[in-house]
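Trainee: Submitted below is the structure of interest, expressed as structure tokens.
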Amino acid sequence: MASTLLYDFKRSLLKPVVLITLVFFAIAGMGVSYHLVHLSGIGPLDYENLNLLALYYHSVKNSFITGIVFNNQGEPLPDAEVLVMHDGKVVNSTVTNNQGTFNITIGYPLPLNTSESTPNIVVKVEYNGLTRSWSNVPMLQLGIINGVSQYSGTSFGALSSGVNYGVTPIINSSELWKFSECVPIAPNRSVSGIAVLQEFDDHLIILSSDNLTLELGFFHNFSALNVSSPLPNKKVVNVSAFKPEIVSLDIPNGANCVVVEYYLPNSPTFVDASITPVHPLTNLGYEVLPYYPSALAFYVGFFPFVAIYLAYSMFTNPRSDGALEFLLARPVTKGILYFNRLIANLLTVLVSSVIVNTIAVLAISLYTGIPIASYIIIMETLGIFTYVSAYVSLTYMFGGLTKESKLALGIPVLLSIVLPLINFLAPLSPNVPWLAYVSPSVLESYINDKIFNISQPLSLSGSVISAALWVTVPAIIGYVAFKKEDI
Amino acid sequence: MIKVERITKYFGKRKVLDDVTFTVNDGEIVGFVGLNGAGKTTTIRVIVGVLEPNSGDVFIDGISITKDKRNASKRVGWVPELPIFELDASALDYFVYIAGYYGIGSSEARELGKRLFEELGLSGREKDKLKNYSQGMKKRFALAVSLISDPKNFIFDEVLNGLDPQGIQFFRDLALKMKKEGKAVLFSSHILSEVETIADKVVFIHKGKILKEMSIEEIKKSVRTRDLKVVLGDFKPEALAEASKFGQATNNGNVIIIKDCKGDIPQVSSALSKYQVVEINWLKGNLEEFFFKIINEQGG
């Protein structure tokens with residue numbers, strides 16, 4: 001009997017309308033990714049595979065820029081061209097070495113502490129046709145006031161005996177990093193210092209203006225943190241001043257936040273600590289992916305119509321025109337015939353759901369570099385599958401209840417237009433908490449709530465029961481009617 | 001053997017089969033005769049398990065179609081008058097699909113399909129969509145499917161309708177071949193001359209009831225008349241006058257028909273011998289006349 005199910009599935013899947021739809025699903029998957037990127041408002045610079053991390057510092061006579069160029073995986077990029085421009089003129093240039101680092105000396109201090117109203121310094125990196133530029137945003141160099149370093153925008157500064165030894169971080173990187181730190185490390189010292197850390201994939205890029213010891217600890221949740229106690233599974237990293245470091249990390253599975261403690265040389269206590277959430281799908285993913293259901297909904301809104309047509313062509317219509325009669329004269333019961341076809345249709349819906357979600361997530365990953373979110377593929381597939389399957393079941397139900405194929409087709413189509421209105425009414429009816437569970441898409445809403453936190457809170461058991469009932473009850477009613485009625 | 005036992009079937013409140021009972025024995029062709037709407041096709045649909053009777057049962061080789069359908073269905077083949085398939089499927093693929101319900105694997109079914117397609121004149125059309133098949137080809141395809149399990153029982157429902165003479169000959173010969181092989185064949189047709197030619201027994205159904213179940217010999221006996229047909233080699237008007245002594249005689253050329261003849265064949269032959277009797281026979285009624293006669297006896 002497995003071969004007949006396979007054949008039904010093959011016929012179900014290879015119907016021209018389904019094949020056309022699958023092609024559409026593939027296009028829709030790409031459309032979802034495109035739509036998603038635009039919905040979330042990100043641009044190429046947010047995911048371009050070229051990153052710059054540097055420090056600007058200066059003495060009375062010279063200023064210097066030391067930094068590193070690397071890709072979105074945290075790997076150094078040698079031979080990247082670095083240009084420094086001042087007032088629109090190139091004042092110096094270099095290329096990165098094998099470690100992706102560079103040093104540029106400029107024969108005079110750049111006027112960072114002026115009150116110019118437009119950017120006047122540009123650091124530009126070019127690599128394989130990609131470009132990143134950093135422009136200085138004019139700021140007031142506030143220095144130390146009452147012994148505390150003042151921070152404004154992206155720069156730190158301090159005045160010591162009237163001489164500016166300010167250090168300015170130069171950062172222009174994609175938004176993919178899981179955490180990024182830019183902190184003053186010597187707030188009570190006469191010479192200012194900063195450490196810049198960025199994590200790309202499993203690499204940590206560090207650039208500090210002072211010799212530094214870092215201790216990193218990973219936690220599963222914020223509530224478990226107690227920064228005054230020793231860090232569990234800590235990793236210790238020693239950094240030399242103005243020497244970019246790339247450190248490989250071994251982030252424990254399930255870690256969703258990181259604590260970084262900074263120690264100055266010969267100092268027993270940490271000077272600062274920072275707690276940063278680690279987003280498994282990167283910061284960019286954290287920003288972009290919540291738009292996934294909206295982008296998906298735009299394309300899958302008509303999936304129920306395809307499913308209804310599929311069920312119509314596999315069950316309702318053959319029943320109506322008498323084609324099932326010839327089959328029923330074979331060694332097969334009504335039950336086997338009915339459920340074989342129902343399961344074949346449901347498998348087709350499942351495959352279609354997998355295709356659209358897989359292509360969407362793969363396209364997003366290829367487009368932006370956000371890691372492939374397999375759990376989104378699985379969970380959203382489950383959501384779409386249960387939602388669309390309800391319409392398959394409804395069509396089987398009406399196909400079982402009546403031999404009038406137009407009626408058996410028309411009612412599910414009408415329901416596919418009416419039932420989604422519940423999703424709009426439910427949030428507007430707080431006094432009717434069960435209303436949301438009447439919708440066939442309740443499990444999809446639950447999944448969206450759990451993954452993206454974007455819909456009304458729903459209970460797992462209620463959502464699962466509702467989704468299961470939407471699929472099973474119409475299917476059983478259809479079967480009972482089909483069995484009872486003459487073919 | 002197909003044994004139909006007291007089948008009653010309602011469509012809604014309308015009783016369409018009323019206590020239908022008959023048997024088709026192995027090695028026997030049974031003609032199933034009735035007017036349109038008499039209940040022939042409904043009876044057949046119950047026999048093959050497409051419809052469930054409200055009461056009664058059908059036993060295929062002793063297996064109940066209502067209680068053990070899958071087993072019973074393997075033992076009976078059915079070629080309907082107008083086979084309806086899912087037309088988007090290609091013929092051999094659909095054959096393989098249906099063979100799956102007989103528990104036959106894909107590759108074995110494909111081989112079997114090719115062989116049966118060849119035997120039934122469908123060779124070269126295996127990949128065609130069923131929608132491109134003619135009515136005759138659809139019936140041959142239905143036959144191929146019915147032969148998957150080489151069943152011992154076969155039902156042809158008005159299978160000769162819409163066929164060309166070659167097609168009619170094919171199914172007539174097939175039914176006779178099956179009979180020779182010891183199979184039980186139920187042959188429903190409104191072409192009563194065909195039924196008369198091949199059937200061993202005829203079951204008459206009218207308004208959902210079995211009117212009569214008779215062997216073809218019994219039918220032949222009961223349709224004999226007292227009308228005598230004489231063909232003369234040398235017809236003369238005097239011959240007609242001579243023939244009129246035995247009954248109401250009319251002629252058409254050299255053929256004389258004596259209605260309700262009072263003499264027997266030797267007497268009439270002797271009386272007309274001088275006009276060269278070439279042929280002399282009692283006229284026989286056919287199955288159609290007999291069928292309408294029994295309907296009239298039942299009050300129409």
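Chain labels follow the order of the structure tokens: the first chain is A, the next B, and so on; residue numbering restarts at 1 in every chain, and ligands are counted from 1 in their shown order.
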Distance limit 12 Å, atoms considered: only C-alpha atoms. Which chain A residues sit that close to chain B? Return them as a PyMOL selection string.
Mentor: chain A and resi 1-12+14-16+313-337+340+482-487
Trainee: Using DSSP secondary structure from the backbone, list all helix (DSSP H, G or I) positions within range 83-188 of chain B, as a PyMOL selection string.
Mentor: chain B and resi 91-101+106-119+130-132+135-146+165-180
Trainee: For each of A:Thr21, A:Ser209, A:Ser374, A:Asn253, take the minimum atom-to-atom distance to Pro304 in chain A, counting only C-alpha atoms, then give the residue where this is smallest.
Mentor: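 Counting only C-alpha atoms, the residue closest to Pro304 in chain A is A:Thr21.
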Trainee: Counting only C-alpha atoms, what is within 9 Å of Ile219 in chain B, bar same-chain residues fewer than 3 positions away, as number ranges by chain?
Mentor: B: 201-202, 214-216, 222-224, 286-287, 290
Trainee: Env of Glu48 in chain A: 8 Å cut, atoms = only C-alpha atoms, seq-sep filter 4 positions within chain, self excluded. Answer as number ranges by chain.
Mentor: A: 44, 72, 130, 174, 368
Trainee: Leaving out range 122-137 of chain B and any residue of its chain fewer than 2 positions from it, which residues lie within 12 Å of it when counting only C-alpha atoms, given as a ChimeraX atom specification?
Mentor: /A:323 /B:79-96,110-120,139-144,159-168,170-171
Trainee: What lies within 10 Å of range 427-435 of chain A using only C-alpha atoms, ignoring chain neighbours under 3 positions off, as a list in words?
Mentor: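 These residues fall inside the cut-off: Ile422, Asn423, Phe424, Val438, Ser439, Val442, Ser455, Gln456, Leu458 and Gly462 of chain A.
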Trainee: How would the residues just chosen look if you wrote them out with all heavy atoms as a PDB file, in the first residue's frame?
Mentor:
ATOM      1  N   ILE A 422     -10.104  36.334  11.697  1.00  0.00           N
ATOM      2  CA  ILE A 422     -10.016  36.089  13.148  1.00  0.00           C
ATOM      3  C   ILE A 422      -8.704  36.637  13.693  1.00  0.00           C
ATOM      4  O   ILE A 422      -8.644  37.180  14.800  1.00  0.00           O
ATOM      5  CB  ILE A 422     -10.119  34.577  13.445  1.00  0.00           C
ATOM      6  CG1 ILE A 422     -11.497  34.078  13.039  1.00  0.00           C
ATOM      7  CG2 ILE A 422      -9.850  34.277  14.922  1.00  0.00           C
ATOM      8  CD1 ILE A 422     -11.628  32.568  13.081  1.00  0.00           C
ATOM      9  N   ASN A 423      -7.641  36.528  12.879  1.00  0.00           N
ATOM     10  CA  ASN A 423      -6.329  37.009  13.333  1.00  0.00           C
ATOM     11  C   ASN A 423      -6.343  38.515  13.580  1.00  0.00           C
ATOM     12  O   ASN A 423      -5.569  39.021  14.385  1.00  0.00           O
ATOM     13  CB  ASN A 423      -5.249  36.670  12.305  1.00  0.00           C
ATOM     14  CG  ASN A 423      -5.048  35.181  12.186  1.00  0.00           C
ATOM     15  OD1 ASN A 423      -5.308  34.447  13.137  1.00  0.00           O
ATOM     16  ND2 ASN A 423      -4.622  34.735  11.026  1.00  0.00           N
ATOM     17  N   PHE A 424      -7.201  39.216  12.857  1.00  0.00           N
ATOM     18  CA  PHE A 424      -7.297  40.656  13.065  1.00  0.00           C
ATOM     19  C   PHE A 424      -8.232  40.989  14.227  1.00  0.00           C
ATOM     20  O   PHE A 424      -8.021  41.946  14.959  1.00  0.00           O
ATOM     21  CB  PHE A 424      -7.802  41.343  11.787  1.00  0.00           C
ATOM     22  CG  PHE A 424      -6.853  41.215  10.639  1.00  0.00           C
ATOM     23  CD1 PHE A 424      -7.068  40.286   9.647  1.00  0.00           C
ATOM     24  CD2 PHE A 424      -5.714  42.015  10.577  1.00  0.00           C
ATOM     25  CE1 PHE A 424      -6.179  40.150   8.598  1.00  0.00           C
ATOM     26  CE2 PHE A 424      -4.817  41.889   9.531  1.00  0.00           C
ATOM     27  CZ  PHE A 424      -5.047  40.958   8.536  1.00  0.00           C
ATOM     28  N   VAL A 438      -9.463  29.957  17.609  1.00  0.00           N
ATOM     29  CA  VAL A 438     -10.420  29.492  16.591  1.00  0.00           C
ATOM     30  C   VAL A 438      -9.785  29.543  15.206  1.00  0.00           C
ATOM     31  O   VAL A 438     -10.238  28.893  14.266  1.00  0.00           O
ATOM     32  CB  VAL A 438     -11.700  30.366  16.640  1.00  0.00           C
ATOM     33  CG1 VAL A 438     -12.681  29.971  15.554  1.00  0.00           C
ATOM     34  CG2 VAL A 438     -12.349  30.248  18.004  1.00  0.00           C
ATOM     35  N   SER A 439      -8.690  30.297  15.091  1.00  0.00           N
ATOM     36  CA  SER A 439      -8.062  30.459  13.782  1.00  0.00           C
ATOM     37  C   SER A 439      -7.215  29.242  13.435  1.00  0.00           C
ATOM     38  O   SER A 439      -6.497  28.712  14.274  1.00  0.00           O
ATOM     39  CB  SER A 439      -7.177  31.707  13.804  1.00  0.00           C
ATOM     40  OG  SER A 439      -6.365  31.724  12.663  1.00  0.00           O
ATOM     41  N   VAL A 442      -3.366  29.433  14.317  1.00  0.00           N
ATOM     42  CA  VAL A 442      -2.989  29.743  15.700  1.00  0.00           C
ATOM     43  C   VAL A 442      -1.584  29.234  16.025  1.00  0.00           C
ATOM     44  O   VAL A 442      -0.819  29.907  16.716  1.00  0.00           O
ATOM     45  CB  VAL A 442      -4.043  29.193  16.700  1.00  0.00           C
ATOM     46  CG1 VAL A 442      -4.145  27.688  16.631  1.00  0.00           C
ATOM     47  CG2 VAL A 442      -3.728  29.654  18.109  1.00  0.00           C
ATOM     48  N   SER A 455       3.593  38.603  18.212  1.00  0.00           N
ATOM     49  CA  SER A 455       2.134  38.511  18.189  1.00  0.00           C
ATOM     50  C   SER A 455       1.643  38.301  19.621  1.00  0.00           C
ATOM     51  O   SER A 455       2.434  38.242  20.549  1.00  0.00           O
ATOM     52  CB  SER A 455       1.669  37.387  17.280  1.00  0.00           C
ATOM     53  OG  SER A 455       2.047  36.159  17.815  1.00  0.00           O
ATOM     54  N   GLN A 456       0.335  38.202  19.764  1.00  0.00           N
ATOM     55  CA  GLN A 456      -0.209  38.116  21.107  1.00  0.00           C
ATOM     56  C   GLN A 456       0.218  36.806  21.764  1.00  0.00           C
ATOM     57  O   GLN A 456       0.347  35.795  21.079  1.00  0.00           O
ATOM     58  CB  GLN A 456      -1.739  38.245  21.099  1.00  0.00           C
ATOM     59  CG  GLN A 456      -2.485  37.031  20.577  1.00  0.00           C
ATOM     60  CD  GLN A 456      -2.727  37.113  19.094  1.00  0.00           C
ATOM     61  OE1 GLN A 456      -1.871  37.552  18.348  1.00  0.00           O
ATOM     62  NE2 GLN A 456      -3.887  36.672  18.664  1.00  0.00           N
ATOM     63  N   LEU A 458       0.201  33.325  23.342  1.00  0.00           N
ATOM     64  CA  LEU A 458      -0.726  32.212  23.217  1.00  0.00           C
ATOM     65  C   LEU A 458      -0.150  31.036  23.983  1.00  0.00           C
ATOM     66  O   LEU A 458       1.059  30.938  24.167  1.00  0.00           O
ATOM     67  CB  LEU A 458      -0.899  31.819  21.742  1.00  0.00           C
ATOM     68  CG  LEU A 458      -1.534  32.869  20.835  1.00  0.00           C
ATOM     69  CD1 LEU A 458      -1.197  32.588  19.376  1.00  0.00           C
ATOM     70  CD2 LEU A 458      -3.041  32.881  21.025  1.00  0.00           C
ATOM     71  N   GLY A 462      -2.851  25.065  23.948  1.00  0.00           N
ATOM     72  CA  GLY A 462      -4.032  25.537  23.231  1.00  0.00           C
ATOM     73  C   GLY A 462      -3.775  25.635  21.739  1.00  0.00           C
ATOM     74  O   GLY A 462      -4.610  25.239  20.920  1.00  0.00           O
TER      75      GLY A 462
END
Trainee: Near Asn254 in chain B, counting only C-alpha atoms, which residues have an atom at most 8 Å away, once you skip same-chain residues fewer than 2 positions from it, shown as a ChimeraX atom specification?
Mentor: /B:231-235,251-252,256
Trainee: What is the distance, in Å and to one decimal place, between CA of Pro244 in chain A and CA of Leu77 in chain A?
Mentor: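 Taking CA of Pro244 in chain A and CA of Leu77 in chain A, their separation equals 12.9 Å.
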